>>> print(open('final_5.txt').read())   # compact mmCIF, C-alpha atoms and all ligand atoms
# COMPACT_ATOMS: atom_id res chain seq x y z
CA MET A 632 -28.05 -111.61 69.45
CA ASN A 633 -25.72 -109.07 67.81
CA PRO A 634 -27.18 -106.45 65.50
CA GLU A 635 -26.39 -107.06 61.86
CA VAL A 636 -26.06 -103.35 61.22
CA ILE A 637 -24.80 -100.37 63.21
CA VAL A 638 -25.71 -96.88 61.99
CA ILE A 639 -23.42 -94.10 63.27
CA GLY A 640 -25.20 -90.74 63.66
CA GLY A 641 -28.58 -89.55 64.86
CA GLY A 642 -29.16 -86.85 62.25
CA VAL A 643 -31.93 -87.03 59.68
CA ILE A 644 -29.83 -89.28 57.43
CA GLY A 645 -28.82 -91.82 60.11
CA SER A 646 -32.35 -91.79 61.50
CA SER A 647 -33.96 -92.33 58.11
CA ILE A 648 -31.57 -95.20 57.38
CA THR A 649 -32.32 -96.78 60.77
CA TYR A 650 -36.06 -96.42 60.14
CA HIS A 651 -35.90 -98.00 56.68
CA LEU A 652 -33.74 -100.90 57.89
CA ALA A 653 -36.12 -101.58 60.79
CA ARG A 654 -39.12 -101.28 58.46
CA ASP A 655 -37.50 -103.84 56.17
CA GLY A 656 -36.96 -106.27 59.07
CA VAL A 657 -33.17 -105.80 59.38
CA LYS A 658 -31.73 -105.93 62.89
CA VAL A 659 -30.22 -102.49 63.46
CA LYS A 660 -28.64 -100.37 66.18
CA GLN A 661 -28.29 -96.60 65.85
CA LEU A 662 -25.52 -94.92 67.85
CA GLU A 663 -25.54 -91.17 68.47
CA LYS A 664 -22.90 -89.41 70.58
CA GLY A 665 -25.30 -86.73 71.78
CA SER A 666 -29.06 -86.80 71.34
CA ILE A 667 -31.15 -87.49 68.25
CA ALA A 668 -30.98 -84.35 66.07
CA ASN A 669 -28.02 -83.28 68.17
CA GLN A 670 -27.35 -79.64 68.95
CA GLY A 671 -24.74 -78.14 66.67
CA ALA A 672 -25.31 -80.79 63.98
CA ALA A 673 -26.99 -80.06 60.65
CA SER A 674 -30.41 -81.68 61.01
CA ARG A 675 -31.59 -79.70 64.02
CA ALA A 676 -30.62 -76.42 62.35
CA SER A 677 -31.88 -77.32 58.91
CA ALA A 678 -34.03 -74.73 57.16
CA GLY A 679 -36.19 -77.66 56.10
CA GLY A 680 -36.64 -76.64 52.48
CA ILE A 681 -37.72 -79.52 50.22
CA ARG A 682 -36.94 -79.00 46.56
CA LEU A 683 -36.27 -80.62 43.20
CA ASN A 684 -34.90 -77.53 41.46
CA ASN A 685 -31.24 -76.51 41.52
CA ARG A 686 -30.01 -80.07 41.66
CA ASP A 687 -26.98 -81.72 40.19
CA PRO A 688 -28.35 -84.22 37.60
CA ARG A 689 -26.57 -87.03 39.47
CA GLU A 690 -28.80 -86.57 42.53
CA LEU A 691 -32.02 -85.94 40.65
CA SER A 692 -33.36 -89.52 40.87
CA LEU A 693 -32.86 -89.45 44.62
CA ALA A 694 -34.47 -86.01 44.89
CA LYS A 695 -37.49 -87.06 42.80
CA ALA A 696 -38.06 -90.25 44.77
CA SER A 697 -37.67 -88.33 48.04
CA VAL A 698 -39.97 -85.44 47.11
CA LEU A 699 -42.66 -88.00 46.30
CA ARG A 700 -42.16 -89.74 49.65
CA TRP A 701 -42.48 -86.41 51.50
CA GLU A 702 -46.10 -86.19 50.36
CA THR A 703 -47.11 -89.10 52.60
CA LEU A 704 -44.28 -89.16 55.13
CA GLU A 705 -46.30 -87.74 58.04
CA GLU A 706 -48.81 -90.54 57.63
CA GLU A 707 -46.08 -93.16 57.25
CA LEU A 708 -44.18 -92.03 60.36
CA GLY A 709 -47.30 -91.22 62.34
CA ALA A 710 -46.02 -87.75 63.24
CA ASP A 711 -46.55 -84.08 62.52
CA LEU A 712 -43.50 -82.93 60.54
CA GLU A 713 -44.90 -79.44 59.83
CA TYR A 714 -44.78 -80.39 56.17
CA ILE A 715 -46.25 -77.76 53.85
CA SER A 716 -46.33 -78.52 50.12
CA THR A 717 -46.16 -74.97 48.82
CA GLY A 718 -43.25 -75.50 46.43
CA GLN A 719 -40.35 -73.13 45.76
CA ILE A 720 -39.93 -69.85 43.92
CA MET A 721 -36.79 -68.34 42.40
CA LEU A 722 -37.01 -64.55 42.06
CA TYR A 723 -35.35 -62.51 39.32
CA ASP A 724 -34.97 -58.74 39.22
CA HIS A 725 -34.96 -56.31 36.27
CA ARG A 726 -31.42 -57.29 35.24
CA TYR A 727 -32.72 -60.57 33.86
CA SER A 728 -34.64 -60.83 30.62
CA MET A 729 -37.54 -63.22 30.17
CA GLU A 730 -35.29 -65.23 27.81
CA VAL A 731 -33.04 -66.12 30.75
CA LEU A 732 -36.02 -67.55 32.60
CA GLN A 733 -37.26 -69.36 29.50
CA GLU A 734 -33.83 -71.01 29.07
CA GLN A 735 -33.86 -72.06 32.72
CA VAL A 736 -37.35 -73.57 32.43
CA LYS A 737 -36.23 -75.48 29.32
CA GLU A 738 -33.33 -76.91 31.33
CA ASP A 739 -35.63 -77.77 34.23
CA GLU A 740 -38.09 -79.51 31.94
CA LYS A 741 -35.26 -81.56 30.44
CA GLY A 742 -34.61 -82.85 33.94
CA GLY A 743 -38.30 -83.55 34.52
CA ILE A 744 -38.67 -80.71 37.01
CA PRO A 745 -42.06 -78.98 36.73
CA ALA A 746 -41.47 -75.22 36.44
CA GLN A 747 -43.57 -72.23 35.53
CA ILE A 748 -42.60 -68.62 34.75
CA VAL A 749 -44.54 -65.96 36.62
CA ASP A 750 -44.64 -62.25 35.84
CA GLN A 751 -44.82 -59.46 38.43
CA ASN A 752 -48.57 -59.86 38.95
CA GLY A 753 -48.12 -63.59 39.29
CA LEU A 754 -45.37 -63.01 41.86
CA LYS A 755 -47.73 -60.87 43.92
CA GLU A 756 -50.21 -63.72 44.07
CA PHE A 757 -47.56 -65.94 45.67
CA ILE A 758 -45.93 -63.22 47.79
CA PRO A 759 -48.32 -60.28 48.23
CA CYS A 760 -45.73 -58.13 50.04
CA ILE A 761 -42.84 -58.70 47.63
CA SER A 762 -40.52 -55.78 46.82
CA PRO A 763 -41.18 -54.17 43.41
CA LEU A 764 -37.48 -54.81 42.66
CA TYR A 765 -38.47 -58.32 41.74
CA THR A 766 -40.27 -58.39 38.44
CA LYS A 767 -40.54 -62.09 37.61
CA GLY A 768 -39.76 -65.55 38.86
CA ILE A 769 -39.88 -69.27 38.30
CA PHE A 770 -42.32 -71.23 40.42
CA TYR A 771 -41.51 -74.86 41.18
CA PRO A 772 -44.67 -76.55 42.48
CA SER A 773 -42.96 -79.65 43.90
CA GLY A 774 -41.65 -79.82 47.44
CA GLY A 775 -42.10 -77.19 50.13
CA GLN A 776 -40.88 -77.25 53.69
CA ALA A 777 -40.87 -79.33 56.88
CA ASN A 778 -39.29 -79.18 60.33
CA GLY A 779 -35.79 -80.71 60.56
CA LEU A 780 -35.92 -81.45 64.28
CA LEU A 781 -39.39 -83.05 64.16
CA THR A 782 -38.54 -85.12 61.08
CA THR A 783 -35.33 -86.48 62.56
CA ILE A 784 -37.06 -87.43 65.80
CA ALA A 785 -39.97 -88.95 63.86
CA PHE A 786 -37.68 -91.24 61.84
CA SER A 787 -35.86 -92.45 64.96
CA SER A 788 -39.08 -92.89 66.98
CA ALA A 789 -40.69 -94.88 64.16
CA ALA A 790 -37.51 -97.00 63.92
CA ARG A 791 -37.66 -97.68 67.66
CA ARG A 792 -41.33 -98.72 67.40
CA LEU A 793 -40.32 -101.17 64.68
CA GLY A 794 -37.70 -102.77 66.93
CA ALA A 795 -34.52 -100.79 66.17
CA ASP A 796 -32.15 -100.24 69.08
CA VAL A 797 -31.70 -96.45 69.14
CA VAL A 798 -28.95 -95.53 71.59
CA THR A 799 -27.92 -91.97 72.44
CA GLY A 800 -24.96 -90.69 74.45
CA ILE A 801 -22.54 -93.22 72.94
CA GLU A 802 -19.70 -92.04 70.75
CA VAL A 803 -18.17 -94.30 68.14
CA TYR A 804 -14.39 -94.00 68.34
CA SER A 805 -13.43 -96.28 65.46
CA ILE A 806 -14.56 -99.01 63.11
CA LYS A 807 -12.88 -102.36 63.71
CA THR A 808 -12.05 -104.71 60.85
CA GLU A 809 -10.47 -108.11 60.37
CA ASN A 810 -9.09 -109.05 56.97
CA ASN A 811 -10.65 -105.86 55.53
CA LYS A 812 -14.08 -106.84 56.77
CA VAL A 813 -16.11 -104.94 59.38
CA ILE A 814 -16.44 -106.81 62.68
CA GLY A 815 -17.74 -104.00 64.88
CA VAL A 816 -17.17 -100.56 66.37
CA ASN A 817 -15.18 -99.33 69.37
CA THR A 818 -17.30 -96.92 71.37
CA SER A 819 -17.38 -94.96 74.61
CA SER A 820 -19.28 -97.98 75.99
CA GLY A 821 -16.83 -100.57 74.69
CA PHE A 822 -16.72 -102.79 71.63
CA MET A 823 -19.99 -103.50 69.79
CA PRO A 824 -19.99 -106.22 67.14
CA CYS A 825 -21.71 -105.96 63.77
CA SER A 826 -21.19 -107.13 60.20
CA THR A 827 -22.20 -103.86 58.51
CA VAL A 828 -21.56 -100.31 59.63
CA ILE A 829 -23.04 -97.18 58.09
CA ASN A 830 -21.18 -93.94 58.57
CA ALA A 831 -23.88 -91.25 58.67
CA ALA A 832 -21.97 -88.95 61.01
CA GLY A 833 -22.44 -85.76 58.98
CA ALA A 834 -19.54 -83.33 59.34
CA TRP A 835 -17.81 -85.85 61.62
CA ALA A 836 -17.89 -88.64 58.99
CA PRO A 837 -14.27 -88.05 57.83
CA LYS A 838 -13.00 -88.59 61.40
CA ILE A 839 -14.64 -92.04 61.55
CA HIS A 840 -13.56 -92.86 58.00
CA GLU A 841 -9.95 -92.12 58.94
CA THR A 842 -9.99 -94.82 61.62
CA LEU A 843 -9.93 -97.29 58.71
CA ASN A 844 -6.71 -95.70 57.43
CA LEU A 845 -8.70 -94.13 54.63
CA SER A 846 -9.17 -90.43 54.01
CA LEU A 847 -12.19 -88.34 53.08
CA PRO A 848 -10.82 -84.93 52.12
CA GLN A 849 -13.87 -84.33 49.89
CA ILE A 850 -15.99 -83.45 52.93
CA LYS A 851 -15.41 -80.07 54.57
CA THR A 852 -17.28 -78.57 57.52
CA PHE A 853 -19.25 -75.36 57.13
CA ARG A 854 -21.17 -73.81 60.03
CA HIS A 855 -24.28 -72.02 58.84
CA GLN A 856 -26.32 -69.51 60.82
CA MET A 857 -30.10 -69.33 60.57
CA SER A 858 -32.27 -66.53 61.88
CA ALA A 859 -35.88 -66.47 63.07
CA THR A 860 -38.03 -63.41 63.72
CA TYR A 861 -40.71 -63.04 66.35
CA ALA A 862 -43.98 -64.59 65.18
CA ALA A 863 -45.58 -62.48 62.45
CA PRO A 864 -49.05 -62.62 60.93
CA LEU A 865 -49.07 -64.80 57.83
CA ILE A 866 -47.23 -62.72 55.21
CA LEU A 867 -45.46 -65.51 53.32
CA PRO A 868 -48.21 -68.04 52.68
CA GLY A 869 -46.59 -69.43 49.57
CA PRO A 870 -43.43 -71.15 48.42
CA THR A 871 -39.96 -71.12 49.95
CA ILE A 872 -38.19 -68.11 48.44
CA SER A 873 -34.78 -67.89 46.78
CA ALA A 874 -33.53 -64.95 44.75
CA LYS A 875 -31.10 -65.11 41.86
CA GLU A 876 -27.62 -63.85 42.73
CA THR A 877 -28.27 -64.04 46.45
CA LYS A 878 -27.72 -67.02 48.73
CA ILE A 879 -30.92 -66.42 50.69
CA SER A 880 -33.48 -69.09 51.51
CA LEU A 881 -36.59 -67.60 53.09
CA LYS A 882 -39.86 -68.90 54.45
CA GLN A 883 -42.44 -68.41 57.17
CA THR A 884 -42.84 -71.46 59.36
CA ILE A 885 -45.98 -72.76 61.04
CA ASP A 886 -45.13 -70.86 64.25
CA GLY A 887 -45.31 -67.57 62.29
CA ARG A 888 -41.57 -66.89 62.38
CA ILE A 889 -39.88 -65.66 59.23
CA ARG A 890 -36.83 -67.88 58.92
CA ALA A 891 -33.84 -67.06 56.81
CA GLY A 892 -31.01 -69.37 55.90
CA GLY A 893 -28.88 -69.89 52.88
CA GLY A 894 -25.29 -70.39 53.93
CA TYR A 895 -24.56 -67.34 56.07
CA SER A 896 -21.66 -68.40 58.31
CA THR A 897 -21.10 -68.25 62.03
CA LYS A 898 -17.79 -67.04 63.39
CA PRO A 899 -15.37 -69.90 64.08
CA GLY A 900 -15.85 -71.59 67.45
CA PRO A 901 -13.35 -73.47 69.61
CA ASP A 902 -13.13 -76.32 67.09
CA GLU A 903 -13.97 -76.77 63.41
CA TYR A 904 -17.47 -78.11 64.19
CA SER A 905 -18.55 -75.28 66.51
CA GLY A 906 -19.69 -71.79 65.64
CA VAL A 907 -20.15 -68.51 67.47
CA PHE A 908 -22.88 -65.93 66.72
CA ASN A 909 -21.87 -63.73 63.80
CA GLU A 910 -23.55 -60.34 63.86
CA GLU A 911 -22.11 -59.23 60.52
CA SER A 912 -23.49 -62.32 58.86
CA LEU A 913 -26.89 -61.75 60.47
CA ASN A 914 -26.94 -58.13 59.26
CA GLN A 915 -26.14 -59.18 55.69
CA GLN A 916 -28.85 -61.82 55.80
CA ARG A 917 -31.37 -59.38 57.25
CA GLU A 918 -30.54 -56.77 54.62
CA THR A 919 -31.21 -59.31 51.86
CA VAL A 920 -34.48 -60.42 53.48
CA ILE A 921 -35.72 -56.82 53.73
CA SER A 922 -34.70 -56.11 50.13
CA ILE A 923 -37.05 -58.94 49.10
CA ILE A 924 -39.79 -58.47 51.71
CA PRO A 925 -39.65 -54.86 52.98
CA GLU A 926 -42.43 -55.62 55.48
CA ALA A 927 -40.14 -58.10 57.26
CA GLU A 928 -38.42 -55.09 58.87
CA LYS A 929 -41.41 -54.82 61.22
CA TYR A 930 -40.58 -58.20 62.74
CA GLY A 931 -37.36 -58.20 64.75
CA ILE A 932 -34.98 -61.12 65.09
CA ASP A 933 -35.91 -63.33 68.02
CA PHE A 934 -32.97 -65.76 67.82
CA THR A 935 -30.30 -67.28 65.64
CA TYR A 936 -29.01 -70.86 65.58
CA TYR A 937 -26.55 -72.86 63.55
CA GLY A 938 -25.52 -76.31 62.42
CA ALA A 939 -22.32 -77.94 61.17
CA GLU A 940 -22.86 -78.94 57.59
CA ALA A 941 -20.86 -81.66 55.82
CA HIS A 942 -20.19 -79.95 52.53
CA CYS A 943 -18.93 -82.23 49.77
CA ILE A 944 -16.63 -80.43 47.31
CA ASP A 945 -18.82 -81.29 44.32
CA ASP A 946 -22.05 -80.44 46.18
CA ILE A 947 -23.54 -83.95 46.12
CA PRO A 948 -23.46 -86.63 48.79
CA ILE A 949 -21.28 -89.73 48.90
CA LEU A 950 -23.43 -92.84 49.11
CA GLY A 951 -22.84 -96.55 49.06
CA GLU A 952 -20.28 -99.24 49.80
CA VAL A 953 -16.63 -98.37 50.24
CA PRO A 954 -14.79 -100.95 48.14
CA GLU A 955 -11.69 -101.18 50.38
CA VAL A 956 -13.65 -102.50 53.41
CA LEU A 957 -16.32 -105.17 53.22
CA GLY A 958 -19.42 -104.19 55.21
CA TYR A 959 -18.63 -100.45 55.34
CA ILE A 960 -21.17 -98.05 53.84
CA LEU A 961 -20.94 -94.26 53.62
CA ALA A 962 -23.91 -91.89 53.68
CA ALA A 963 -22.36 -88.49 54.19
CA GLY A 964 -21.54 -85.14 52.61
CA PHE A 965 -25.11 -83.97 52.14
CA SER A 966 -24.21 -80.30 51.78
CA GLY A 967 -26.91 -77.65 51.97
CA HIS A 968 -29.78 -79.65 50.59
CA GLY A 969 -29.59 -83.08 52.20
CA PHE A 970 -32.73 -82.77 54.28
CA THR A 971 -34.86 -83.16 51.15
CA LEU A 972 -33.06 -86.38 50.24
CA SER A 973 -33.49 -88.14 53.59
CA PRO A 974 -36.44 -90.46 52.72
CA GLY A 975 -34.81 -91.68 49.50
CA VAL A 976 -31.41 -92.16 51.14
CA GLY A 977 -32.89 -94.35 53.86
CA GLN A 978 -34.67 -96.46 51.28
CA VAL A 979 -31.66 -96.95 49.02
CA ILE A 980 -29.16 -97.65 51.82
CA SER A 981 -31.52 -100.28 53.23
CA GLU A 982 -31.63 -101.91 49.78
CA ILE A 983 -27.81 -101.88 49.59
CA VAL A 984 -27.58 -103.56 53.00
CA GLN A 985 -30.08 -106.22 51.91
CA LYS A 986 -28.28 -106.69 48.57
CA LYS A 987 -31.50 -105.94 46.74
CA PRO A 988 -31.67 -104.27 43.32
CA LEU A 989 -31.78 -100.51 43.92
CA SER A 990 -35.13 -98.82 43.35
CA ILE A 991 -33.40 -95.42 43.03
CA SER A 992 -30.28 -94.83 40.97
CA ILE A 993 -27.26 -93.62 42.92
CA ASP A 994 -24.91 -93.97 39.95
CA GLY A 995 -22.65 -90.98 40.13
CA LEU A 996 -22.99 -90.60 43.90
CA THR A 997 -20.60 -93.35 45.03
CA ILE A 998 -17.13 -92.72 46.38
CA GLU A 999 -15.72 -94.10 43.16
CA ARG A 1000 -16.81 -91.06 41.14
CA PRO A 1001 -14.21 -88.54 40.00
CA PHE A 1002 -14.28 -85.60 42.42
CA SER A 1003 -13.17 -83.08 39.84
CA VAL A 1004 -14.27 -79.57 40.64
CA ASP A 1005 -15.09 -77.31 37.71
CA GLY A 1006 -15.51 -73.56 37.37
CA ILE A 1007 -19.03 -73.62 38.74
CA ASN A 1008 -18.36 -76.07 41.50
CA ASP A 1009 -15.25 -74.55 43.02
CA GLY A 1010 -15.53 -76.70 46.13
CA ALA A 1011 -15.28 -73.74 48.45
CA ILE A 1012 -18.76 -72.33 48.77
CA ARG A 1013 -22.31 -73.45 49.10
CA HIS A 1014 -23.83 -72.96 45.69
CA PHE A 1015 -27.52 -73.23 46.28
CA PRO A 1016 -29.53 -72.28 49.32
CA GLY A 1017 -31.20 -75.13 51.20
C1 LIG B 1101 -28.44 -74.07 58.59
C2 LIG B 1101 -28.74 -75.19 57.65
C3 LIG B 1101 -29.83 -75.07 56.78
C4 LIG B 1101 -30.13 -76.12 55.90
N1 LIG B 1101 -31.23 -76.02 55.10
C5 LIG B 1101 -31.59 -77.06 54.30
C6 LIG B 1101 -32.76 -77.00 53.53
O1 LIG B 1101 -33.48 -76.01 53.55
N2 LIG B 1101 -33.08 -78.06 52.76
C7 LIG B 1101 -32.31 -79.18 52.71
O2 LIG B 1101 -32.63 -80.11 51.96
N3 LIG B 1101 -31.18 -79.27 53.45
C8 LIG B 1101 -30.80 -78.24 54.24
N4 LIG B 1101 -29.67 -78.31 54.99
C9 LIG B 1101 -28.84 -79.50 54.89
C10 LIG B 1101 -29.38 -80.66 55.72
O3 LIG B 1101 -29.90 -80.18 56.93
C11 LIG B 1101 -28.26 -81.67 55.94
O4 LIG B 1101 -27.76 -82.11 54.68
C12 LIG B 1101 -28.75 -82.88 56.74
O5 LIG B 1101 -29.37 -82.48 57.94
C13 LIG B 1101 -27.56 -83.78 57.06
O6 LIG B 1101 -27.97 -84.76 57.96
P1 LIG B 1101 -26.93 -85.78 58.56
O7 LIG B 1101 -27.71 -86.77 59.32
O8 LIG B 1101 -26.02 -86.27 57.46
O9 LIG B 1101 -25.97 -84.92 59.49
P2 LIG B 1101 -26.16 -84.35 60.99
O10 LIG B 1101 -27.52 -83.83 61.19
O11 LIG B 1101 -25.02 -83.41 61.20
O12 LIG B 1101 -26.01 -85.63 61.90
C14 LIG B 1101 -24.79 -86.28 62.14
C15 LIG B 1101 -24.90 -86.86 63.55
O13 LIG B 1101 -23.80 -87.72 63.79
C16 LIG B 1101 -23.46 -87.60 65.14
N5 LIG B 1101 -22.07 -88.11 65.32
C17 LIG B 1101 -20.96 -87.54 64.81
N6 LIG B 1101 -19.88 -88.26 65.16
C18 LIG B 1101 -20.34 -89.31 65.89
C19 LIG B 1101 -19.69 -90.40 66.52
N7 LIG B 1101 -18.38 -90.56 66.45
N8 LIG B 1101 -20.46 -91.30 67.21
C20 LIG B 1101 -21.82 -91.14 67.28
N9 LIG B 1101 -22.47 -90.12 66.69
C21 LIG B 1101 -21.73 -89.22 66.00
C22 LIG B 1101 -23.59 -86.11 65.42
O14 LIG B 1101 -23.70 -85.83 66.80
C23 LIG B 1101 -24.85 -85.79 64.63
O15 LIG B 1101 -26.02 -85.87 65.43
C24 LIG B 1101 -29.33 -77.29 55.87
C25 LIG B 1101 -28.24 -77.40 56.75
C26 LIG B 1101 -27.95 -76.36 57.63
C27 LIG B 1101 -26.79 -76.52 58.58
>>> encode(input="final_5.txt", output="structure tokens")
Amino acid sequence: MNPEVIVIGGGVIGSSITYHLARDGVKVKQLEKGSIANQGAASRASAGGIRLNNRDPRELSLAKASVLRWETLEEELGADLEYISTGQIMLYDHRYSMEVLQEQVKEDEKGGIPAQIVDQNGLKEFIPCISPLYTKGIFYPSGGQANGLLTTIAFSSAARRLGADVVTGIEVYSIKTENNKVIGVNTSSGFMPCSTVINAAGAWAPKIHETLNLSLPQIKTFRHQMSATYAAPLILPGPTISAKETKISLKQTIDGRIRAGGGYSTKPGPDEYSGVFNEESLNQQRETVISIIPEAEKYGIDFTYYGAEAHCIDDIPILGEVPEVLGYILAAGFSGHGFTLSPGVGQVISEIVQKKPLSISIDGLTIERPFSVDGINDGAIRHFPG
């Protein structure tokens, strides 16, 4: 029997969608050109930060539903995801008055995001070795961190256990339609029929989209470089750290490594999806880390790694049916904070496939939204660290 649904992509988004479809009893095949959480793709390299704060209001419902799901996801998937629910903290230095923080917390509260101002002593409780340059911060108790690789594998493994056909090493070349309706996909292993196809191919999603004679110029590829130190004693027991006016995202993972991300680029590689180690970028990142946590200087860099991120010009993903082609659904353009959203995305895409009422609003995230880019969202840079 043919699968009803084919999911293209074995990243955290495609894997979550496959899991939710299988959980809901839908016959589904997942096709990944490399391996699940493929090397060079976003999910394997993800910094794994889980947050509600710094969100576009249009993705807030999805973020809230997802952050709630994270609390029990390990149990649901039967896997260790290295989930730690220590929240997030945004640091501010002396240039910012308390009024700035109070305004921000007011905004956060309007969006239903729990937030709490902390003074310098409060900061020290969260981050004992913090630089004295940082005098205050906003603590966001929701969210925390998890491991991108383990989560992606856990979604796909759970999907497989529930009967999904998870196939790796097969590349989708194009989506085939008849009378503007999906009838299958052409792949490196030949034609595979289906009535619904979900494009969750991350940075590669525009290439697949174009095979339908449509274009997806809203999604651009960025290649971001992460760094990890040698294992250190526990010096960052608390929340994932961001600092105002920097792009840094900083945490200590379960293996003791201090990991820094936040949109520091690789050098260009042989094609737009590949990157090459960028020493200058690493030095800038390291300098910022040490300015926040001077003690981090004691722990040298062990390795760097990167992933190709599908950055959408207005910073929010594109989700839902594409009106021009019946049976074609997009779930792409997750930018620098898509890992957080993965449980909610899987749930809502499964509901779309089953034509059920949506339990999470994705109004404002569909391809039919205006993609106007304002002064803040200039479409060219990553605005918030993961
Ligand atoms: C360095 C870095 C740090 C990040 N930090 C955070 C963070 O802290 N918090 C957060 O929320 N988010 C973070 N993100 C963002 C988050 O990781 C991504 O939004 C998310 O992983 C996107 O998942 P995806 O499944 O859409 O894409 P990907 O993981 O890129 O997966 C797409 C998959 O599709 C496959 N594919 C492509 N073309 C085809 C084809 N033709 N046929 C078959 N398969 C195909 C690829 O091989 C790939 O495996 C970070 C991203 C990066 C790069």
>>> residues_near_ligand(input="final_5.txt", ligand="ligand LIG 1101 (chain B)", cutoff="6 Å", atoms="only C-alpha atoms and all ligand atoms", output="ChimeraX atom specification")
/A:639-645,662-665,668-669,672-674,676-681,802-804,831-835,855-857,892,937-940,963,965-971,1017
>>> closest_atom_pairs(input="final_5.txt", of="stretch 715-738 of chain A", to="stretch 689-701 of chain A", cutoff="12 Å", atoms="only C-alpha atoms", output="JSON lines")
{"residue": "A:Ile715", "atom": "CA", "partner": "A:Trp701", "partner_atom": "CA", "distance": 9.7}
{"residue": "A:Ser716", "atom": "CA", "partner": "A:Trp701", "partner_atom": "CA", "distance": 8.9}
{"residue": "A:Gly718", "atom": "CA", "partner": "A:Val698", "partner_atom": "CA", "distance": 10.5}
>>> residues_around(input="final_5.txt", residues="A:Pro868", least_positions_apart="2", cutoff="12 Å", atoms="only C-alpha atoms", output="list of chain:residue names")
A:Ile715, A:Ser716, A:Thr717, A:Gly718, A:Gln719, A:Lys755, A:Glu756, A:Phe757, A:Ile758, A:Pro759, A:Cys760, A:Ile761, A:Gly775, A:Gln776, A:Ala863, A:Pro864, A:Leu865, A:Ile866, A:Pro870, A:Thr871, A:Ile872, A:Leu881, A:Lys882, A:Gln883, A:Thr884, A:Ile885, A:Gly887, A:Arg888, A:Ile889
>>> atom_distance(input="final_5.txt", atom1="atom CA of A:Gly900", atom2="atom CA of A:Ile932")
21.9 Å
>>> atom_distance(input="final_5.txt", atom1="atom CA of A:Val749", atom2="atom CA of A:Tyr714")
24.3 Å
>>> residues_around(input="final_5.txt", residues="A:Glu982", least_positions_apart="4", cutoff="12 Å", atoms="all atoms listed in the file", output="ChimeraX atom specification")
/A:648,651-657,951-952,960,975-978,986-993
>>> atom_distance(input="final_5.txt", atom1="atom CA of A:Asn909", atom2="atom CA of A:Asp946")
24.3 Å
>>> residues_near_point(input="final_5.txt", point="(-37.5, -66.4, 30.3)", cutoff="10 Å", atoms="only C-alpha atoms", output="PyMOL selection string")
chain A and resi 727-737+747-750+767-769
>>> closest_residue(input="final_5.txt", among="A:Arg854, A:Leu961, A:Glu706, A:Phe934", to="A:Lys898", atoms="all atoms listed in the file")
A:Arg854
>>> closest_residue(input="final_5.txt", among="A:Ser912, A:Ser666, A:Thr766, A:Ser1003", to="A:Ile784", atoms="all atoms listed in the file")
A:Ser666
>>> closest_residue(input="final_5.txt", among="A:Gln661, A:Ser880, A:Ser787, A:Gln915", to="A:Val816", atoms="all atoms listed in the file")
A:Gln661
>>> closest_residue(input="final_5.txt", among="A:Ser762, A:Ser646, A:Ser826, A:Thr782", to="A:Val984", atoms="all atoms listed in the file")
A:Ser826
>>> axis_aligned_box(input="final_5.txt", around="stretch 908-924 of chain A", padding_each_side="4 Å", output="JSON")
{"center_x": -30.8, "center_y": -61.0, "center_z": 57.9, "size_x": 25.9, "size_y": 17.8, "size_z": 25.6}
>>> residues_around(input="final_5.txt", residues="A:Tyr765", least_positions_apart="3", cutoff="7 Å", atoms="only C-alpha atoms", output="ChimeraX atom specification")
/A:722-725,762
>>> build_atoms(input="final_5.txt", residues="stretch 753-761 of chain A", atoms="N, CA and C atoms", output="compact mmCIF listing (two decimals), in the frame of the given file")
# COMPACT_ATOMS: atom_id res chain seq x y z
N GLY A 753 -48.12 -62.20 38.80
CA GLY A 753 -48.12 -63.59 39.29
C GLY A 753 -47.33 -63.70 40.59
N LEU A 754 -46.20 -62.98 40.64
CA LEU A 754 -45.37 -63.01 41.86
C LEU A 754 -46.18 -62.53 43.05
N LYS A 755 -46.96 -61.47 42.81
CA LYS A 755 -47.73 -60.87 43.92
C LYS A 755 -48.77 -61.85 44.45
N GLU A 756 -49.24 -62.73 43.57
CA GLU A 756 -50.21 -63.72 44.07
C GLU A 756 -49.55 -64.69 45.05
N PHE A 757 -48.27 -65.04 44.75
CA PHE A 757 -47.56 -65.94 45.67
C PHE A 757 -47.07 -65.21 46.91
N ILE A 758 -46.55 -63.97 46.69
CA ILE A 758 -45.93 -63.22 47.79
C ILE A 758 -46.50 -61.79 47.74
N PRO A 759 -47.66 -61.57 48.37
CA PRO A 759 -48.32 -60.28 48.23
C PRO A 759 -47.43 -59.09 48.62
N CYS A 760 -46.52 -59.27 49.57
CA CYS A 760 -45.73 -58.13 50.04
C CYS A 760 -44.33 -58.09 49.42
N ILE A 761 -44.18 -58.66 48.25
CA ILE A 761 -42.84 -58.70 47.63
C ILE A 761 -42.38 -57.31 47.19
